[in-house]
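Undergrad: Quick one, coords28.txt (compact mmCIF, C-alpha atoms):
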# COMPACT_ATOMS: atom_id res chain seq x y z
CA MET A 1 0.00 0.00 0.00
CA THR A 2 1.22 3.50 -0.80
CA VAL A 3 1.88 5.64 2.26
CA ILE A 4 0.71 9.22 1.77
CA ARG A 5 3.36 11.75 2.75
CA LEU A 6 1.90 14.96 1.27
CA ALA A 7 -1.67 16.24 1.14
CA VAL A 8 -2.39 19.10 -1.26
CA LEU A 9 -5.63 20.80 -0.23
CA ASP A 10 -7.67 23.40 -2.08
CA MET A 11 -8.92 26.38 -0.09
CA ALA A 12 -12.29 27.96 -1.08
CA GLY A 13 -14.96 25.27 -1.03
CA THR A 14 -12.67 22.61 0.42
CA THR A 15 -11.06 23.96 3.58
CA VAL A 16 -12.70 27.40 3.51
CA ALA A 17 -16.43 28.22 3.35
CA ASP A 18 -16.93 31.52 1.55
CA GLY A 19 -20.70 31.47 1.02
CA GLY A 20 -20.58 32.12 -2.73
CA LEU A 21 -18.13 35.03 -2.58
CA VAL A 22 -16.50 33.96 -5.84
CA LEU A 23 -19.69 34.65 -7.78
CA ARG A 24 -20.30 37.89 -5.89
CA ALA A 25 -16.77 39.05 -6.68
CA PHE A 26 -17.16 37.93 -10.29
CA ASP A 27 -20.30 40.01 -10.65
CA ALA A 28 -18.39 43.06 -9.43
CA ALA A 29 -15.56 42.29 -11.86
CA ALA A 30 -17.89 41.71 -14.81
CA THR A 31 -19.71 44.98 -14.18
CA SER A 32 -16.40 46.83 -13.98
CA VAL A 33 -15.48 45.78 -17.53
CA GLY A 34 -18.89 46.52 -19.01
CA LEU A 35 -20.67 43.16 -19.08
CA PRO A 36 -24.45 43.78 -18.96
CA ALA A 37 -25.82 43.23 -15.45
CA ASP A 38 -28.63 41.01 -16.70
CA GLY A 39 -29.39 38.86 -19.71
CA PRO A 40 -27.94 35.88 -21.55
CA GLU A 41 -24.39 37.21 -21.72
CA ARG A 42 -24.16 37.61 -17.93
CA ASP A 43 -25.90 34.27 -17.36
CA ALA A 44 -23.48 32.46 -19.69
CA ALA A 45 -20.49 34.11 -17.99
CA ARG A 46 -21.73 33.07 -14.53
CA ARG A 47 -22.17 29.50 -15.77
CA TYR A 48 -18.62 29.49 -17.14
CA VAL A 49 -17.29 30.73 -13.80
CA LEU A 50 -19.12 27.90 -12.01
CA ASP A 51 -17.93 25.30 -14.50
CA THR A 52 -14.30 26.44 -14.17
CA MET A 53 -14.36 26.99 -10.41
CA GLY A 54 -10.95 26.35 -8.90
CA GLN A 55 -9.00 27.46 -11.95
CA SER A 56 -6.70 30.46 -11.97
CA LYS A 57 -8.96 33.51 -12.17
CA ILE A 58 -6.88 35.38 -14.73
CA VAL A 59 -7.17 32.36 -17.07
CA VAL A 60 -10.96 32.37 -16.61
CA PHE A 61 -11.15 36.09 -17.36
CA ARG A 62 -9.00 35.72 -20.48
CA ALA A 63 -11.45 33.14 -21.78
CA LEU A 64 -14.46 35.31 -20.94
CA PHE A 65 -13.31 38.77 -21.92
CA GLY A 66 -10.90 38.24 -24.79
CA SER A 67 -8.33 41.00 -24.60
CA GLU A 68 -5.47 40.85 -22.13
CA GLU A 69 -6.21 44.39 -20.97
CA ARG A 70 -9.85 43.62 -20.20
CA ALA A 71 -8.95 40.33 -18.50
CA HIS A 72 -6.44 42.04 -16.21
CA ALA A 73 -8.89 44.80 -15.37
CA ALA A 74 -11.52 42.20 -14.46
CA ASN A 75 -9.01 40.21 -12.42
CA GLU A 76 -7.97 43.26 -10.42
CA ALA A 77 -11.61 44.18 -9.75
CA PHE A 78 -12.33 40.59 -8.73
CA GLU A 79 -9.46 40.52 -6.25
CA ARG A 80 -10.43 43.88 -4.74
CA ALA A 81 -14.02 42.71 -4.28
CA TYR A 82 -13.09 39.30 -2.85
CA GLU A 83 -10.56 40.78 -0.45
CA ARG A 84 -13.18 43.31 0.67
CA PHE A 85 -15.61 40.48 1.43
CA VAL A 86 -12.91 38.58 3.32
CA GLY A 87 -12.10 41.70 5.32
CA ALA A 88 -15.78 42.02 6.22
CA GLY A 89 -15.65 38.58 7.84
CA ASP A 90 -17.57 36.71 5.16
CA VAL A 91 -15.35 33.60 5.26
CA THR A 92 -15.08 30.80 7.79
CA ALA A 93 -13.28 27.49 7.99
CA ILE A 94 -15.09 24.39 6.79
CA PRO A 95 -16.07 22.67 10.07
CA GLY A 96 -13.26 20.35 11.10
CA ALA A 97 -10.79 21.62 8.49
CA GLU A 98 -8.27 23.09 10.91
CA GLU A 99 -8.40 19.99 13.08
CA ALA A 100 -7.95 17.79 9.99
CA ILE A 101 -4.83 19.66 8.89
CA THR A 102 -3.40 19.40 12.40
CA ARG A 103 -4.14 15.66 12.56
CA LEU A 104 -2.49 15.08 9.19
CA ARG A 105 0.66 16.91 10.21
CA ASP A 106 0.74 15.19 13.59
CA GLY A 107 0.48 11.89 11.69
CA GLY A 108 3.55 12.70 9.60
CA ILE A 109 1.80 13.98 6.47
CA LYS A 110 2.90 17.35 5.14
CA VAL A 111 0.13 19.72 4.05
CA ALA A 112 0.09 22.29 1.24
CA LEU A 113 -2.81 24.73 0.77
CA THR A 114 -3.45 25.80 -2.83
CA THR A 115 -5.78 28.25 -4.55
CA GLY A 116 -6.61 29.80 -7.90
CA PHE A 117 -6.44 33.25 -6.28
CA SER A 118 -3.48 35.62 -6.21
CA ARG A 119 -0.89 35.67 -3.44
CA SER A 120 -2.47 38.80 -1.98
CA THR A 121 -5.91 37.19 -1.79
CA GLN A 122 -4.57 33.95 -0.35
CA ASP A 123 -2.67 35.88 2.32
CA ARG A 124 -5.86 37.75 3.22
CA LEU A 125 -7.72 34.46 3.57
CA LEU A 126 -5.02 32.92 5.74
CA ALA A 127 -4.89 36.01 7.96
CA ALA A 128 -8.68 36.17 8.29
CA LEU A 129 -8.76 32.56 9.47
CA GLY A 130 -5.65 32.81 11.64
CA TRP A 131 -4.08 30.06 9.53
CA GLN A 132 -0.61 31.50 9.00
CA GLY A 133 1.70 28.59 9.76
CA LEU A 134 -1.12 26.05 9.98
CA ALA A 135 0.11 24.18 6.87
CA ASP A 136 3.64 23.42 5.73
CA LEU A 137 3.18 25.41 2.54
CA ALA A 138 0.71 27.73 0.79
CA LEU A 139 0.85 28.08 -3.00
CA VAL A 140 -0.82 30.15 -5.71
CA PRO A 141 -0.57 29.69 -9.49
CA ALA A 142 2.18 32.33 -9.78
CA ASP A 143 4.38 30.18 -7.53
CA ALA A 144 4.19 27.23 -9.90
CA GLY A 145 3.71 28.50 -13.45
CA ARG A 146 0.12 27.48 -14.13
CA GLY A 147 -2.96 27.01 -12.00
CA ARG A 148 -5.51 24.22 -12.09
CA PRO A 149 -6.43 22.08 -13.99
CA TYR A 150 -2.68 21.77 -14.65
CA PRO A 151 -0.58 19.80 -12.14
CA ASP A 152 1.99 22.54 -11.55
CA MET A 153 1.02 23.54 -7.99
CA ILE A 154 0.90 19.92 -6.86
CA LEU A 155 4.30 19.17 -8.36
CA THR A 156 5.72 22.37 -6.87
CA ALA A 157 4.42 21.28 -3.46
CA LEU A 158 6.08 17.90 -3.96
CA LEU A 159 9.41 19.53 -4.80
CA ARG A 160 9.31 22.09 -2.01
CA THR A 161 8.41 19.55 0.66
CA GLY A 162 11.00 17.02 -0.52
CA THR A 163 8.37 14.36 -1.22
CA ASP A 164 10.00 11.54 -3.19
CA ASP A 165 7.21 10.14 -5.34
CA VAL A 166 3.98 11.48 -6.88
CA ARG A 167 2.32 8.30 -5.65
CA ASP A 168 2.92 9.50 -2.09
CA VAL A 169 0.61 12.49 -2.71
CA ALA A 170 -3.08 13.00 -1.95
CA VAL A 171 -4.99 15.84 -3.62
CA VAL A 172 -8.29 17.13 -2.26
CA GLY A 173 -10.69 19.67 -3.74
CA ASP A 174 -14.31 20.50 -4.43
CA THR A 175 -14.12 21.01 -8.21
CA ALA A 176 -13.48 19.04 -11.38
CA GLY A 177 -10.39 21.20 -11.90
CA ASP A 178 -8.96 20.09 -8.56
CA VAL A 179 -9.56 16.46 -9.46
CA LEU A 180 -8.11 16.77 -12.95
CA SER A 181 -4.97 18.46 -11.63
CA GLY A 182 -4.50 15.62 -9.15
CA ARG A 183 -4.91 12.96 -11.83
CA ARG A 184 -2.47 14.76 -14.11
CA ALA A 185 0.06 14.96 -11.27
CA GLY A 186 -0.10 11.20 -10.71
CA ALA A 187 -1.36 11.37 -7.12
CA SER A 188 -2.56 8.08 -5.62
CA VAL A 189 -5.48 9.68 -3.81
CA VAL A 190 -7.54 12.31 -5.62
CA ALA A 191 -10.51 13.07 -3.42
CA GLY A 192 -13.45 15.35 -4.06
CA THR A 193 -15.47 16.95 -1.29
CA ARG A 194 -19.19 17.67 -1.22
CA THR A 195 -18.75 21.08 0.44
CA GLY A 196 -18.13 23.22 -2.61
CA ALA A 197 -18.90 24.07 -6.21
CA HIS A 198 -19.30 20.69 -7.92
CA ASP A 199 -21.48 17.72 -6.99
CA GLU A 200 -20.45 14.09 -6.63
CA ALA A 201 -21.35 13.16 -10.21
CA ILE A 202 -19.10 15.88 -11.65
CA LEU A 203 -16.27 14.92 -9.28
CA ARG A 204 -16.57 11.23 -10.20
CA ASP A 205 -16.68 12.05 -13.92
CA ALA A 206 -13.48 14.05 -13.51
CA GLY A 207 -11.76 10.98 -12.05
CA ALA A 208 -12.00 11.31 -8.28
CA THR A 209 -10.77 8.19 -6.47
CA HIS A 210 -12.84 9.12 -3.42
CA VAL A 211 -15.65 11.58 -2.62
CA LEU A 212 -15.80 12.78 0.99
CA ASP A 213 -18.54 14.59 2.84
CA SER A 214 -15.87 17.11 3.83
CA VAL A 215 -12.15 17.53 4.37
CA ALA A 216 -12.79 16.65 8.01
CA ASP A 217 -12.99 13.02 6.87
CA LEU A 218 -9.56 13.08 5.25
CA PRO A 219 -7.38 12.05 8.22
CA ASP A 220 -9.38 8.86 8.71
CA LEU A 221 -8.83 8.02 5.05
CA LEU A 222 -5.13 8.85 4.81
CA LEU A 223 -3.91 7.81 8.22
CA SER A 224 -5.46 4.39 7.82
CA VAL A 225 -3.49 3.69 4.61
Would you mind writing the file's structure down as structure tokens?
TA:
Amino acid sequence: MTVIRLAVLDMAGTTVADGGLVLRAFDAAATSVGLPADGPERDAARRYVLDTMGQSKIVVFRALFGSEERAHAANEAFERAYERFVGAGDVTAIPGAEEAITRLRDGGIKVALTTGFSRSTQDRLLAALGWQGLADLALVPADAGRGRPYPDMILTALLRTGTDDVRDVAVVGDTAGDVLSGRRAGASVVAGTRTGAHDEAILRDAGATHVLDSVADLPDLLLSV
């Protein structure tokens, strides 16, 4: 049996409950670059954001808004809005997430927190939750080259933690992008959680090896291997 030595955990929707702040921040960003507030264009853009949840936001905005200038303007507006919501106290930890991370580390498993947000936004989230130092490592797409669904952040976590083999890695997230990135990285455990954007059917279709009620169930899975 493979022994898991590194767990790479997504943040929003997996370890962090943000109550739909991504869509709220997207609406602010879309308005800032002139997308109509109502109608089929806005509806289609919202659906795309939901379908690509977990991916690097600048990549999502490039796909939606075409020009690099417009994508960057939308990304900056998104980050300002999301960080404002975080500062207002609109995020909490998924119940049991902090305890799960502590149990994993106490059991000899290193933990990396990853996100599709920028470094600034991730730092705001960690500060709001009091999670600075909770995990061994916190990564954003800019640290690795590409965000999800590419495997770059997972492989960067493996390198930075000195983990020897991709088969010693578990990846956990609430979106198809999280699952796909884990499969592409070669992780032995690629678990979806039911606490976020995508349902069990989508997670299974993406290739999840396990689907958990929440990240709180992860230590029982990994520490029993």
Undergrad: Can you tell me how far CA of Leu180 in chain A sits from CA of Asp152 in chain A, in Å to one decimal?
TA: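 Those two atoms sit 11.7 Å apart.
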Undergrad: Taking into account all atoms listed in the file, which residue in the set A:Asp27, A:Asp38, A:Glu83, A:Asp10 is nearest to Ala138 in chain A?
TA: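 Closest to Ala138 in chain A of all the choices is A:Asp10.
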Undergrad: Under the rule that all atoms listed in the file are counted, which of A:Ile101, A:Ile4, A:Ala191, A:Ala81 is the nearest residue to His210 in chain A?
TA: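 Of the candidates, the smallest distance to His210 in chain A is held by A:Ala191.
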Undergrad: Which residues are close to Tyr82 in chain A, i.e. within 9 Å by all atoms listed in the file, leaving aside same-chain residues fewer than 6 positions away? Reply as a PDB file with C-alpha atoms, in the frame of the given file.
TA:
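The result, written out as result20.pdb:
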ATOM      1  CA  LEU A  21     -18.130  35.030  -2.580  1.00  0.00           C
ATOM      2  CA  VAL A  22     -16.500  33.960  -5.840  1.00  0.00           C
ATOM      3  CA  ARG A  24     -20.300  37.890  -5.890  1.00  0.00           C
ATOM      4  CA  ALA A  25     -16.770  39.050  -6.680  1.00  0.00           C
ATOM      5  CA  PHE A  26     -17.160  37.930 -10.290  1.00  0.00           C
ATOM      6  CA  THR A 121      -5.910  37.190  -1.790  1.00  0.00           C
TER       7      THR A 121
END
Undergrad: Give me, as a ChimeraX atom specification, all polymer residues having an atom no more than 7 Å from Ala74 in chain A, counting all atoms listed in the file and skipping those fewer than 4 positions away in the same chain.
TA: /A:29-30,32-33,61,70,78
Undergrad: Determine, using all atoms listed in the file, which residues of range 77-127 of chain A have any atom at most 12 Å from an atom of range 165-175 of chain A, and tabulate each with its shortest atom pair and distance in Å to one decimal place, rows ordered by chain and then rising number, as a Markdown table.
TA:
| residue | atom | partner | partner_atom | distance |
| --- | --- | --- | --- | --- |
| A:Ile94 | CA | A:Asp174 | CA | 11.9 |
| A:Ala97 | CA | A:Val172 | CA | 11.9 |
| A:Ile101 | CA | A:Val172 | CA | 11.9 |
| A:Leu104 | CA | A:Ala170 | CA | 11.3 |
| A:Ile109 | CA | A:Val169 | CA | 9.4 |
| A:Lys110 | CA | A:Val169 | CA | 9.5 |
| A:Val111 | CA | A:Ala170 | CA | 9.6 |
| A:Ala112 | CA | A:Val171 | CA | 9.5 |
| A:Leu113 | CA | A:Val172 | CA | 9.8 |
| A:Thr114 | CA | A:Gly173 | CA | 9.5 |
| A:Thr115 | CA | A:Gly173 | CA | 9.9 |
| A:Gly116 | CA | A:Thr175 | CA | 11.6 |
Undergrad: Give me, as JSON, numbers by chain, all polymer residues having an atom no more than 8 Å from Leu223 in chain A, counting all atoms listed in the file and skipping those fewer than 2 positions away in the same chain.
TA: {"A": [104, 107, 219, 220, 221, 225]}
Undergrad: Can you tell me, as a list of chain:residue names, what residues are no more than 9 Å from Arg62 in chain A when counting all atoms listed in the file, ignoring any on the same chain fewer than 5 positions away?
TA: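 Residues near the query, excluding close chain neighbours: A:Lys57, A:Ser67, A:Glu68, A:Arg70, A:Ala71, A:His72.
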Undergrad: Skipping near chain neighbours, those fewer than 4 positions away, what residues fall within 10 Å of Arg204 in chain A using all atoms listed in the file, listed as a list of chain:residue names?
TA: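 In the requested format, the answer is A:Ala176, A:Val179, A:Ala191, A:Gly192, A:Asp199, A:Glu200, A:Ala208, A:Thr209, A:His210, A:Val211.
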Undergrad: Name the closest residue to Val59 in chain A among the candidates A:Asp213, A:Gly34, A:Ala142, A:Leu23; distances are taken between atoms, counting only C-alpha atoms.
TA: A:Ala142
Undergrad: From the list A:Ser120, A:Gly66, A:Val60, A:Gly20, which residue is nearest Phe85 in chain A when using all atoms listed in the file?
TA: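 Smallest distance to Phe85 in chain A is found for A:Gly20.
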Undergrad: Work out how far CA of Pro141 in chain A is from CA of Met153 in chain A, in Å to one decimal.
TA: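 CA of Pro141 in chain A lies 6.5 Å from CA of Met153 in chain A.
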Undergrad: Smallest atom-to-atom distance to Val3 in chain A: which of A:Met53, A:Val189, A:Val91, A:Leu125, using all atoms listed in the file?
TA: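 Among the listed residues, the smallest separation from Val3 in chain A belongs to A:Val189.
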Undergrad: Quick one, how far is CA of Leu126 in chain A from CA of Ala185 in chain A?
TA: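 Straight-line distance from CA of Leu126 in chain A to CA of Ala185 in chain A works out to 25.3 Å.
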